[in-house]
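Reviewing the structure listed below.
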Amino acid sequence: MRVNLQALGCRLNEAELQTWARQFQRQGHPVTADPEAADLLVINTCAVTAEAVRKSRKLLRRAQRVNPWAKLVVSGCFASLDRDALARDQGIDLLVLNQDKDRLVEITARAFDLDSMTRDAVEQATNPLFVRGRQRAFVKVQDGCRHRCTFCIVTRARGEERSRPIAEVVEEINQLGTEGVKEVVLTGVHLGGYGSDGRGDLSALIRAVLADTHVPRVRLGSLEPWDLPAGFWALFEDRRLMPHLHLPLQSGSDAVLRRMARRCRTLDFVRLVGAARSQVADFNLTTDIIVGFPSETQAEWQQTLSFVASLGCGHLHVFPYSPRAGTKAATLPGQVHDRTKQERSRQMHALGRRMKRETLARFVGRRLPILVEGPYGDSSQGEWFGYTPNYLPVRVGAGETEDPTNRILEVRLEAVHEDGAHLIGNLSGR
(Lines give C-alpha, C1' and ligand atoms only; values in the text may rest on other atoms or scores of the structure.)
Protein backbone atom coordinates (compact mmCIF):
# COMPACT_ATOMS: atom_id res chain seq x y z
CA MET A 1 0.00 0.00 0.00
CA ARG A 2 1.40 3.38 -1.00
CA VAL A 3 0.65 5.85 1.79
CA ASN A 4 0.20 9.62 1.57
CA LEU A 5 0.14 11.55 4.87
CA GLN A 6 -1.08 15.10 5.40
CA ALA A 7 -1.46 17.28 8.49
CA LEU A 8 -2.89 20.64 9.48
CA GLY A 9 -2.12 22.67 12.56
CA CYS A 10 0.53 22.29 15.22
CA ARG A 11 3.96 20.75 15.26
CA LEU A 12 2.55 17.95 17.39
CA ASN A 13 0.35 16.92 14.45
CA GLU A 14 3.46 16.97 12.26
CA ALA A 15 5.39 14.86 14.76
CA GLU A 16 2.60 12.28 14.82
CA LEU A 17 2.55 12.20 11.02
CA GLN A 18 6.27 11.53 10.88
CA THR A 19 5.93 8.72 13.42
CA TRP A 20 3.17 7.11 11.36
CA ALA A 21 5.28 7.42 8.23
CA ARG A 22 8.12 5.51 9.85
CA GLN A 23 5.76 2.86 11.20
CA PHE A 24 4.04 2.34 7.85
CA GLN A 25 7.41 2.07 6.19
CA ARG A 26 8.65 -0.50 8.68
CA GLN A 27 5.65 -2.61 7.72
CA GLY A 28 6.65 -2.33 4.07
CA HIS A 29 4.22 0.36 2.91
CA PRO A 30 6.12 3.12 1.06
CA VAL A 31 5.30 6.78 1.67
CA THR A 32 4.49 8.96 -1.32
CA ALA A 33 4.22 12.73 -1.53
CA ASP A 34 1.60 12.43 -4.28
CA PRO A 35 -1.95 11.83 -2.95
CA GLU A 36 -3.13 10.76 -6.41
CA ALA A 37 -0.57 7.93 -6.42
CA ALA A 38 -1.55 6.62 -2.98
CA ASP A 39 -3.63 3.60 -2.03
CA LEU A 40 -4.08 4.95 1.49
CA LEU A 41 -4.59 8.58 2.53
CA VAL A 42 -4.01 9.54 6.18
CA ILE A 43 -5.06 13.02 7.34
CA ASN A 44 -4.30 14.49 10.78
CA THR A 45 -6.84 17.28 11.32
CA CYS A 46 -6.86 20.42 13.48
CA ALA A 47 -9.61 22.27 15.38
CA VAL A 48 -7.75 25.00 17.28
CA THR A 49 -9.76 27.71 15.50
CA ALA A 50 -12.88 27.87 13.31
CA GLU A 51 -10.53 28.53 10.38
CA ALA A 52 -8.60 25.33 11.19
CA VAL A 53 -11.89 23.41 11.13
CA ARG A 54 -12.75 24.94 7.75
CA LYS A 55 -9.35 23.99 6.36
CA SER A 56 -9.68 20.45 7.76
CA ARG A 57 -13.03 20.02 6.02
CA LYS A 58 -11.54 21.40 2.80
CA LEU A 59 -8.58 19.01 3.00
CA LEU A 60 -10.91 16.03 3.48
CA ARG A 61 -13.08 17.04 0.53
CA ARG A 62 -9.99 17.54 -1.65
CA ALA A 63 -8.63 14.12 -0.69
CA GLN A 64 -11.93 12.48 -1.59
CA ARG A 65 -12.03 14.36 -4.90
CA VAL A 66 -8.46 13.79 -6.14
CA ASN A 67 -8.29 10.12 -5.18
CA PRO A 68 -11.73 8.60 -4.54
CA TRP A 69 -10.33 5.08 -4.91
CA ALA A 70 -7.90 5.34 -1.99
CA LYS A 71 -8.80 4.34 1.55
CA LEU A 72 -9.16 7.46 3.70
CA VAL A 73 -8.09 7.44 7.37
CA VAL A 74 -8.83 10.54 9.46
CA SER A 75 -7.55 11.47 12.92
CA GLY A 76 -6.71 14.59 14.93
CA CYS A 77 -8.60 17.15 16.98
CA PHE A 78 -11.31 17.95 14.43
CA ALA A 79 -11.99 14.24 13.97
CA SER A 80 -12.17 13.69 17.73
CA LEU A 81 -14.46 16.65 18.44
CA ASP A 82 -16.84 16.10 15.48
CA ARG A 83 -16.61 12.33 15.30
CA ASP A 84 -20.36 11.72 14.97
CA ALA A 85 -20.63 13.96 11.90
CA LEU A 86 -17.50 12.51 10.33
CA ALA A 87 -18.60 8.96 11.08
CA ARG A 88 -21.58 9.58 8.77
CA ASP A 89 -19.31 10.77 5.95
CA GLN A 90 -19.42 8.00 3.37
CA GLY A 91 -16.03 9.04 1.96
CA ILE A 92 -14.15 8.32 5.22
CA ASP A 93 -13.15 4.69 5.65
CA LEU A 94 -11.66 4.85 9.15
CA LEU A 95 -11.83 7.37 11.99
CA VAL A 96 -9.09 7.16 14.65
CA LEU A 97 -9.71 9.31 17.74
CA ASN A 98 -6.92 11.18 19.53
CA GLN A 99 -6.83 8.72 22.42
CA ASP A 100 -6.02 5.95 19.92
CA LYS A 101 -3.76 7.80 17.51
CA ASP A 102 -0.55 6.34 18.95
CA ARG A 103 -1.90 3.02 17.59
CA LEU A 104 -3.14 4.45 14.28
CA VAL A 105 -0.91 2.31 12.08
CA GLU A 106 -1.80 -0.85 14.01
CA ILE A 107 -5.54 -0.02 13.86
CA THR A 108 -5.33 0.79 10.14
CA ALA A 109 -3.46 -2.43 9.34
CA ARG A 110 -6.06 -4.46 11.19
CA ALA A 111 -9.03 -2.61 9.66
CA PHE A 112 -7.81 -3.05 6.07
CA ASP A 113 -5.94 -6.35 6.54
CA LEU A 114 -2.71 -4.84 5.27
CA ASP A 115 -0.05 -7.42 4.54
CA SER A 116 3.50 -6.63 5.63
CA MET A 117 6.23 -6.93 3.05
CA THR A 118 9.64 -8.51 3.55
CA ARG A 119 12.38 -6.88 5.60
CA ASP A 120 14.40 -6.33 2.40
CA ALA A 121 11.60 -4.22 0.96
CA VAL A 122 11.41 -2.18 4.14
CA GLU A 123 15.13 -1.50 4.18
CA GLN A 124 15.09 -0.39 0.54
CA ALA A 125 12.29 2.13 1.06
CA THR A 126 12.94 5.85 0.96
CA ASN A 127 13.19 7.74 4.24
CA PRO A 128 9.65 9.11 4.82
CA LEU A 129 10.96 12.32 6.36
CA PHE A 130 12.74 13.26 3.18
CA VAL A 131 9.84 12.13 1.01
CA ARG A 132 7.97 14.88 2.88
CA GLY A 133 10.79 17.34 2.21
CA ARG A 134 12.01 17.75 5.80
CA GLN A 135 15.50 17.99 7.21
CA ARG A 136 14.05 18.73 10.64
CA ALA A 137 12.06 16.07 12.51
CA PHE A 138 9.37 16.72 15.10
CA VAL A 139 9.42 14.32 18.03
CA LYS A 140 6.31 14.02 20.17
CA VAL A 141 7.32 13.73 23.82
CA GLN A 142 4.08 14.69 25.57
CA ASP A 143 0.34 14.95 24.93
CA GLY A 144 -2.63 16.52 26.71
CA CYS A 145 -2.90 19.46 29.11
CA ARG A 146 -4.12 19.76 32.70
CA HIS A 147 -4.81 23.50 32.40
CA ARG A 148 -8.03 24.99 31.10
CA CYS A 149 -7.48 28.27 29.28
CA THR A 150 -10.97 29.54 28.53
CA PHE A 151 -10.40 29.83 24.75
CA CYS A 152 -8.78 26.43 24.21
CA ILE A 153 -10.62 23.47 22.69
CA VAL A 154 -7.44 21.41 22.35
CA THR A 155 -7.47 20.28 25.99
CA ARG A 156 -10.87 18.70 25.39
CA ALA A 157 -9.70 17.09 22.15
CA ARG A 158 -6.35 15.83 23.50
CA GLY A 159 -7.30 14.79 27.05
CA GLU A 160 -5.13 14.51 30.16
CA GLU A 161 -1.35 14.90 30.24
CA ARG A 162 0.78 11.92 29.29
CA SER A 163 4.54 11.81 28.83
CA ARG A 164 6.65 9.37 26.82
CA PRO A 165 9.47 7.58 28.66
CA ILE A 166 12.82 9.32 28.29
CA ALA A 167 14.49 6.17 26.97
CA GLU A 168 11.86 5.88 24.23
CA VAL A 169 12.40 9.49 23.14
CA VAL A 170 16.18 9.02 23.09
CA GLU A 171 15.82 5.85 21.01
CA GLU A 172 13.64 7.63 18.45
CA ILE A 173 16.06 10.55 18.15
CA ASN A 174 19.00 8.21 17.67
CA GLN A 175 17.08 6.43 14.92
CA LEU A 176 16.38 9.77 13.25
CA GLY A 177 20.07 10.58 13.47
CA THR A 178 20.98 7.40 11.62
CA GLU A 179 18.51 8.45 8.89
CA GLY A 180 20.38 11.71 8.36
CA VAL A 181 18.20 14.12 10.33
CA LYS A 182 20.22 17.12 11.53
CA GLU A 183 17.64 18.75 13.82
CA VAL A 184 14.92 17.43 16.10
CA VAL A 185 12.15 19.50 17.67
CA LEU A 186 10.68 18.24 20.95
CA THR A 187 6.93 18.86 20.88
CA GLY A 188 3.89 18.46 23.10
CA VAL A 189 0.53 20.05 23.86
CA HIS A 190 1.93 21.34 27.16
CA LEU A 191 5.66 20.73 26.79
CA GLY A 192 6.48 22.34 30.13
CA GLY A 193 4.24 19.76 31.78
CA TYR A 194 6.49 16.91 30.63
CA GLY A 195 6.81 14.47 33.52
CA SER A 196 3.69 15.60 35.40
CA ASP A 197 2.64 11.94 35.31
CA GLY A 198 5.80 10.85 37.12
CA ARG A 199 8.41 10.62 34.34
CA GLY A 200 10.82 13.29 35.61
CA ASP A 201 10.58 16.80 34.16
CA LEU A 202 11.49 18.68 31.01
CA SER A 203 15.04 19.42 32.21
CA ALA A 204 15.67 15.71 32.82
CA LEU A 205 14.41 14.90 29.33
CA ILE A 206 16.58 17.55 27.67
CA ARG A 207 19.67 16.50 29.64
CA ALA A 208 19.16 12.90 28.52
CA VAL A 209 18.69 13.91 24.89
CA LEU A 210 21.85 16.04 24.96
CA ALA A 211 23.86 13.32 26.73
CA ASP A 212 22.66 10.22 24.88
CA THR A 213 22.04 11.36 21.30
CA HIS A 214 24.24 12.94 18.66
CA VAL A 215 21.81 14.84 16.41
CA PRO A 216 23.56 18.21 15.88
CA ARG A 217 20.57 20.39 16.74
CA VAL A 218 17.90 20.04 19.43
CA ARG A 219 15.06 22.55 19.42
CA LEU A 220 12.06 23.00 21.69
CA GLY A 221 8.55 23.43 20.33
CA SER A 222 5.97 25.84 21.69
CA LEU A 223 6.37 26.13 25.45
CA GLU A 224 3.87 27.77 27.78
CA PRO A 225 5.56 30.48 29.92
CA TRP A 226 5.04 28.61 33.17
CA ASP A 227 6.08 25.27 34.68
CA LEU A 228 9.67 25.75 33.52
CA PRO A 229 11.78 23.46 35.72
CA ALA A 230 14.67 24.50 37.93
CA GLY A 231 17.96 24.93 36.10
CA PHE A 232 16.21 25.28 32.74
CA TRP A 233 18.30 28.16 31.36
CA ALA A 234 21.59 26.45 32.22
CA LEU A 235 20.71 23.71 29.71
CA PHE A 236 21.40 26.17 26.89
CA GLU A 237 25.10 26.13 27.78
CA ASP A 238 25.17 23.09 25.50
CA ARG A 239 25.24 24.76 22.08
CA ARG A 240 23.30 21.87 20.55
CA LEU A 241 20.19 23.22 22.31
CA MET A 242 18.99 25.97 19.99
CA PRO A 243 18.61 29.48 21.52
CA HIS A 244 15.04 30.08 20.43
CA LEU A 245 11.75 29.65 22.27
CA HIS A 246 8.18 30.13 21.18
CA LEU A 247 6.46 31.32 24.39
CA PRO A 248 2.74 32.01 23.81
CA LEU A 249 1.72 35.29 25.46
CA GLN A 250 -1.81 35.68 23.98
CA SER A 251 -2.41 39.19 25.37
CA GLY A 252 -0.48 42.12 26.83
CA SER A 253 -3.38 43.08 29.13
CA ASP A 254 -3.55 41.45 32.55
CA ALA A 255 -7.33 41.90 32.60
CA VAL A 256 -7.63 39.94 29.35
CA LEU A 257 -5.18 37.30 30.61
CA ARG A 258 -7.40 36.79 33.65
CA ARG A 259 -10.45 36.27 31.41
CA MET A 260 -8.39 33.79 29.42
CA ALA A 261 -7.46 31.96 32.68
CA ARG A 262 -3.81 32.20 31.70
CA ARG A 263 -1.30 31.34 34.43
CA CYS A 264 1.19 34.03 33.42
CA ARG A 265 0.82 37.81 33.78
CA THR A 266 2.75 40.48 31.90
CA LEU A 267 5.26 41.05 34.72
CA ASP A 268 5.93 37.30 34.89
CA PHE A 269 6.50 37.26 31.14
CA VAL A 270 8.92 40.20 31.28
CA ARG A 271 10.95 38.48 34.01
CA LEU A 272 11.00 35.22 32.05
CA VAL A 273 12.19 36.87 28.84
CA GLY A 274 14.75 38.92 30.79
CA ALA A 275 16.18 35.76 32.34
CA ALA A 276 16.39 34.12 28.92
CA ARG A 277 18.16 37.05 27.30
CA SER A 278 20.62 37.46 30.15
CA GLN A 279 21.58 33.77 30.23
CA VAL A 280 21.18 32.53 26.64
CA ALA A 281 23.38 34.08 23.95
CA ASP A 282 21.52 35.25 20.82
CA PHE A 283 18.18 34.26 22.33
CA ASN A 284 15.24 34.78 19.96
CA LEU A 285 11.68 35.08 21.28
CA THR A 286 8.61 34.35 19.18
CA THR A 287 5.06 34.37 20.50
CA ASP A 288 1.30 34.05 19.89
CA ILE A 289 -1.23 36.86 20.22
CA ILE A 290 -5.02 36.43 20.23
CA VAL A 291 -6.81 39.49 18.87
CA GLY A 292 -10.34 40.50 19.87
CA PHE A 293 -10.89 38.25 22.87
CA PRO A 294 -14.39 38.75 24.40
CA SER A 295 -14.82 42.18 26.01
CA GLU A 296 -11.37 43.33 24.88
CA THR A 297 -11.65 47.12 25.14
CA GLN A 298 -9.71 49.64 23.10
CA ALA A 299 -7.66 50.46 26.20
CA GLU A 300 -6.81 46.77 26.73
CA TRP A 301 -5.88 46.48 23.08
CA GLN A 302 -3.55 49.46 23.34
CA GLN A 303 -1.94 47.82 26.39
CA THR A 304 -1.33 44.71 24.31
CA LEU A 305 0.18 46.67 21.42
CA SER A 306 2.51 48.59 23.75
CA PHE A 307 3.52 45.53 25.72
CA VAL A 308 4.28 43.39 22.68
CA ALA A 309 6.27 46.26 21.12
CA SER A 310 8.42 46.38 24.28
CA LEU A 311 9.32 42.69 23.95
CA GLY A 312 11.13 42.94 20.60
CA CYS A 313 9.90 39.58 19.28
CA GLY A 314 11.50 37.93 16.28
CA HIS A 315 8.14 36.76 14.96
CA LEU A 316 4.47 36.94 15.88
CA HIS A 317 1.69 34.44 15.24
CA VAL A 318 -1.51 36.52 15.26
CA PHE A 319 -4.91 34.86 15.65
CA PRO A 320 -8.26 36.67 15.58
CA TYR A 321 -10.28 35.18 18.45
CA SER A 322 -12.46 32.33 17.23
CA PRO A 323 -15.32 31.11 19.46
CA ARG A 324 -15.14 27.34 19.92
CA ALA A 325 -18.27 25.57 21.15
CA GLY A 326 -17.52 23.77 24.39
CA THR A 327 -15.12 26.41 25.73
CA LYS A 328 -15.92 28.93 28.46
CA ALA A 329 -14.82 31.89 26.33
CA ALA A 330 -17.54 31.12 23.76
CA THR A 331 -20.15 31.91 26.43
CA LEU A 332 -18.57 35.15 27.65
CA PRO A 333 -20.37 38.44 27.01
CA GLY A 334 -18.94 41.20 24.83
CA GLN A 335 -17.97 39.24 21.72
CA VAL A 336 -15.86 41.60 19.59
CA HIS A 337 -17.09 42.52 16.12
CA ASP A 338 -15.25 40.94 13.19
CA ARG A 339 -14.35 44.35 11.70
CA THR A 340 -12.65 45.28 14.97
CA LYS A 341 -10.75 42.01 15.00
CA GLN A 342 -9.60 42.59 11.43
CA GLU A 343 -8.32 46.08 12.22
CA ARG A 344 -6.52 44.92 15.36
CA SER A 345 -5.02 42.02 13.45
CA ARG A 346 -3.75 44.45 10.82
CA GLN A 347 -2.09 46.59 13.52
CA MET A 348 -0.48 43.58 15.22
CA HIS A 349 0.78 42.15 11.93
CA ALA A 350 2.36 45.51 11.09
CA LEU A 351 4.07 45.56 14.49
CA GLY A 352 5.25 42.00 13.97
CA ARG A 353 6.80 42.84 10.61
CA ARG A 354 8.64 45.82 12.12
CA MET A 355 10.00 43.80 15.05
CA LYS A 356 11.07 40.96 12.78
CA ARG A 357 13.03 43.34 10.54
CA GLU A 358 14.70 44.88 13.61
CA THR A 359 15.59 41.45 14.97
CA LEU A 360 17.10 40.33 11.68
CA ALA A 361 19.06 43.58 11.34
CA ARG A 362 20.87 42.94 14.65
CA PHE A 363 22.57 39.91 13.11
CA VAL A 364 23.82 41.50 9.89
CA GLY A 365 27.60 41.11 9.74
CA ARG A 366 27.64 37.97 11.86
CA ARG A 367 28.74 34.49 10.78
CA LEU A 368 26.35 31.79 11.94
CA PRO A 369 25.79 28.12 11.12
CA ILE A 370 22.79 27.57 8.85
CA LEU A 371 20.94 24.28 8.44
CA VAL A 372 20.18 24.37 4.72
CA GLU A 373 16.71 22.97 4.13
CA GLY A 374 16.47 23.22 0.37
CA PRO A 375 16.52 25.50 -2.67
CA TYR A 376 15.10 29.00 -2.54
CA GLY A 377 12.72 29.18 -5.48
CA ASP A 378 14.40 27.88 -8.61
CA SER A 379 17.50 25.96 -7.51
CA SER A 380 19.14 26.81 -10.84
CA GLN A 381 19.67 30.29 -9.41
CA GLY A 382 22.14 28.84 -6.88
CA GLU A 383 20.22 30.10 -3.84
CA TRP A 384 19.19 28.03 -0.84
CA PHE A 385 17.15 28.50 2.30
CA GLY A 386 17.76 27.61 5.93
CA TYR A 387 17.71 28.72 9.55
CA THR A 388 20.21 29.98 12.09
CA PRO A 389 20.36 28.30 15.52
CA ASN A 390 18.00 30.98 16.87
CA TYR A 391 15.55 30.31 14.05
CA LEU A 392 16.17 33.30 11.83
CA PRO A 393 15.34 32.54 8.16
CA VAL A 394 18.26 32.99 5.75
CA ARG A 395 18.43 32.98 1.97
CA VAL A 396 21.89 31.71 1.10
CA GLY A 397 23.79 32.39 -2.10
CA ALA A 398 25.92 29.30 -2.66
CA GLY A 399 27.04 30.02 -6.22
CA GLU A 400 28.44 26.94 -7.92
CA THR A 401 28.61 24.95 -4.69
CA GLU A 402 27.14 21.45 -4.92
CA ASP A 403 23.68 21.00 -3.41
CA PRO A 404 24.10 21.90 0.30
CA THR A 405 20.65 20.62 1.39
CA ASN A 406 20.68 19.06 4.86
CA ARG A 407 24.15 20.37 5.63
CA ILE A 408 25.07 22.79 8.40
CA LEU A 409 27.30 25.48 6.91
CA GLU A 410 28.75 28.67 8.32
CA VAL A 411 27.28 31.63 6.47
CA ARG A 412 28.05 35.32 6.56
CA LEU A 413 24.85 37.31 7.07
CA GLU A 414 25.14 40.30 4.76
CA ALA A 415 21.77 42.09 4.73
CA VAL A 416 18.07 41.98 5.50
CA HIS A 417 16.04 41.29 2.38
CA GLU A 418 13.98 44.23 1.17
CA ASP A 419 10.74 42.50 2.23
CA GLY A 420 12.05 42.28 5.80
CA ALA A 421 11.12 38.60 6.04
CA HIS A 422 14.57 36.99 5.95
CA LEU A 423 18.32 37.56 5.94
CA ILE A 424 20.63 37.38 2.92
CA GLY A 425 23.72 35.27 3.48
CA ASN A 426 26.63 34.04 1.42
CA LEU A 427 28.83 30.99 1.64
CA SER A 428 31.59 32.83 -0.14
CA GLY A 429 31.81 35.14 2.84
CA ARG A 430 33.05 32.38 5.10
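Lettering and numbering for the C-alpha coordinates are positional, with chains as A, B, ... in the shown order, residues counted from 1 in each chain, and ligands counted from 1 in the shown order.
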
Write out as a ChimeraX atom specification each polymer residue whose atoms come within 10 Å of Leu351 (chain A), counting only C-alpha atoms; drop sequence neighbours fewer than 5 positions from it. /A:305-306,308-309,312-313,315-316,345-346,356

Give me, as a ChimeraX atom specification, all polymer residues having an atom no more than 9 Å from Ile173 (chain A), counting only C-alpha atoms and skipping those fewer than 6 positions away in the same chain. /A:137,139,181,184,209,213-215

At a cut-off of 7 Å, using only C-alpha atoms, what residues contact Pro248 (chain A)? Leave out same-chain residues fewer than 4 positions from it and give the result as a PDB file with N, CA and C atoms, in the first residue's frame.
```pdb
ATOM      1  N   GLU A 224       4.611  26.793  26.990  1.00  0.00           N
ATOM      2  CA  GLU A 224       3.869  27.770  27.785  1.00  0.00           C
ATOM      3  C   GLU A 224       4.800  28.430  28.805  1.00  0.00           C
ATOM      4  N   PRO A 225       4.623  29.738  29.046  1.00  0.00           N
ATOM      5  CA  PRO A 225       5.559  30.478  29.922  1.00  0.00           C
ATOM      6  C   PRO A 225       5.315  30.243  31.409  1.00  0.00           C
ATOM      7  N   THR A 287       6.219  34.531  19.633  1.00  0.00           N
ATOM      8  CA  THR A 287       5.057  34.370  20.504  1.00  0.00           C
ATOM      9  C   THR A 287       3.756  34.358  19.718  1.00  0.00           C
ATOM     10  N   ASP A 288       2.661  34.025  20.421  1.00  0.00           N
ATOM     11  CA  ASP A 288       1.299  34.046  19.886  1.00  0.00           C
ATOM     12  C   ASP A 288       0.527  35.196  20.515  1.00  0.00           C
TER      13      ASP A 288
END
```

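For Tyr376 (chain A), the non-local neighbours within 6 Å, defined as residues at least 2 positions apart in the same chain or in other chains and counting only C-alpha atoms, are Glu383, Trp384 and Phe385 of chain A.
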
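Distance annotation: of A:Ala330, A:Val189, A:Leu371, A:Leu40, the residue with the minimal separation from Ala15 (chain A) is A:Val189; atom set is only C-alpha atoms.
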
Find the residues around region 402-415 of chain A up to 9 Å (only C-alpha atoms counted), leave out those fewer than 2 positions away in its own chain, and share them as a PyMOL selection string. chain A and resi 134-136+180-182+216+360-361+363-375+379+382+384-386+394+396+398-400+417-418+422-430

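Among the candidates A:Thr388, A:Gln27, A:Asn44, A:Ser253, the one nearest to Leu72 (chain A) when counting only C-alpha atoms is A:Asn44.
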
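The space separating CA of Arg26 (chain A) from CA of Ala63 (chain A) comes to 24.5 Å.
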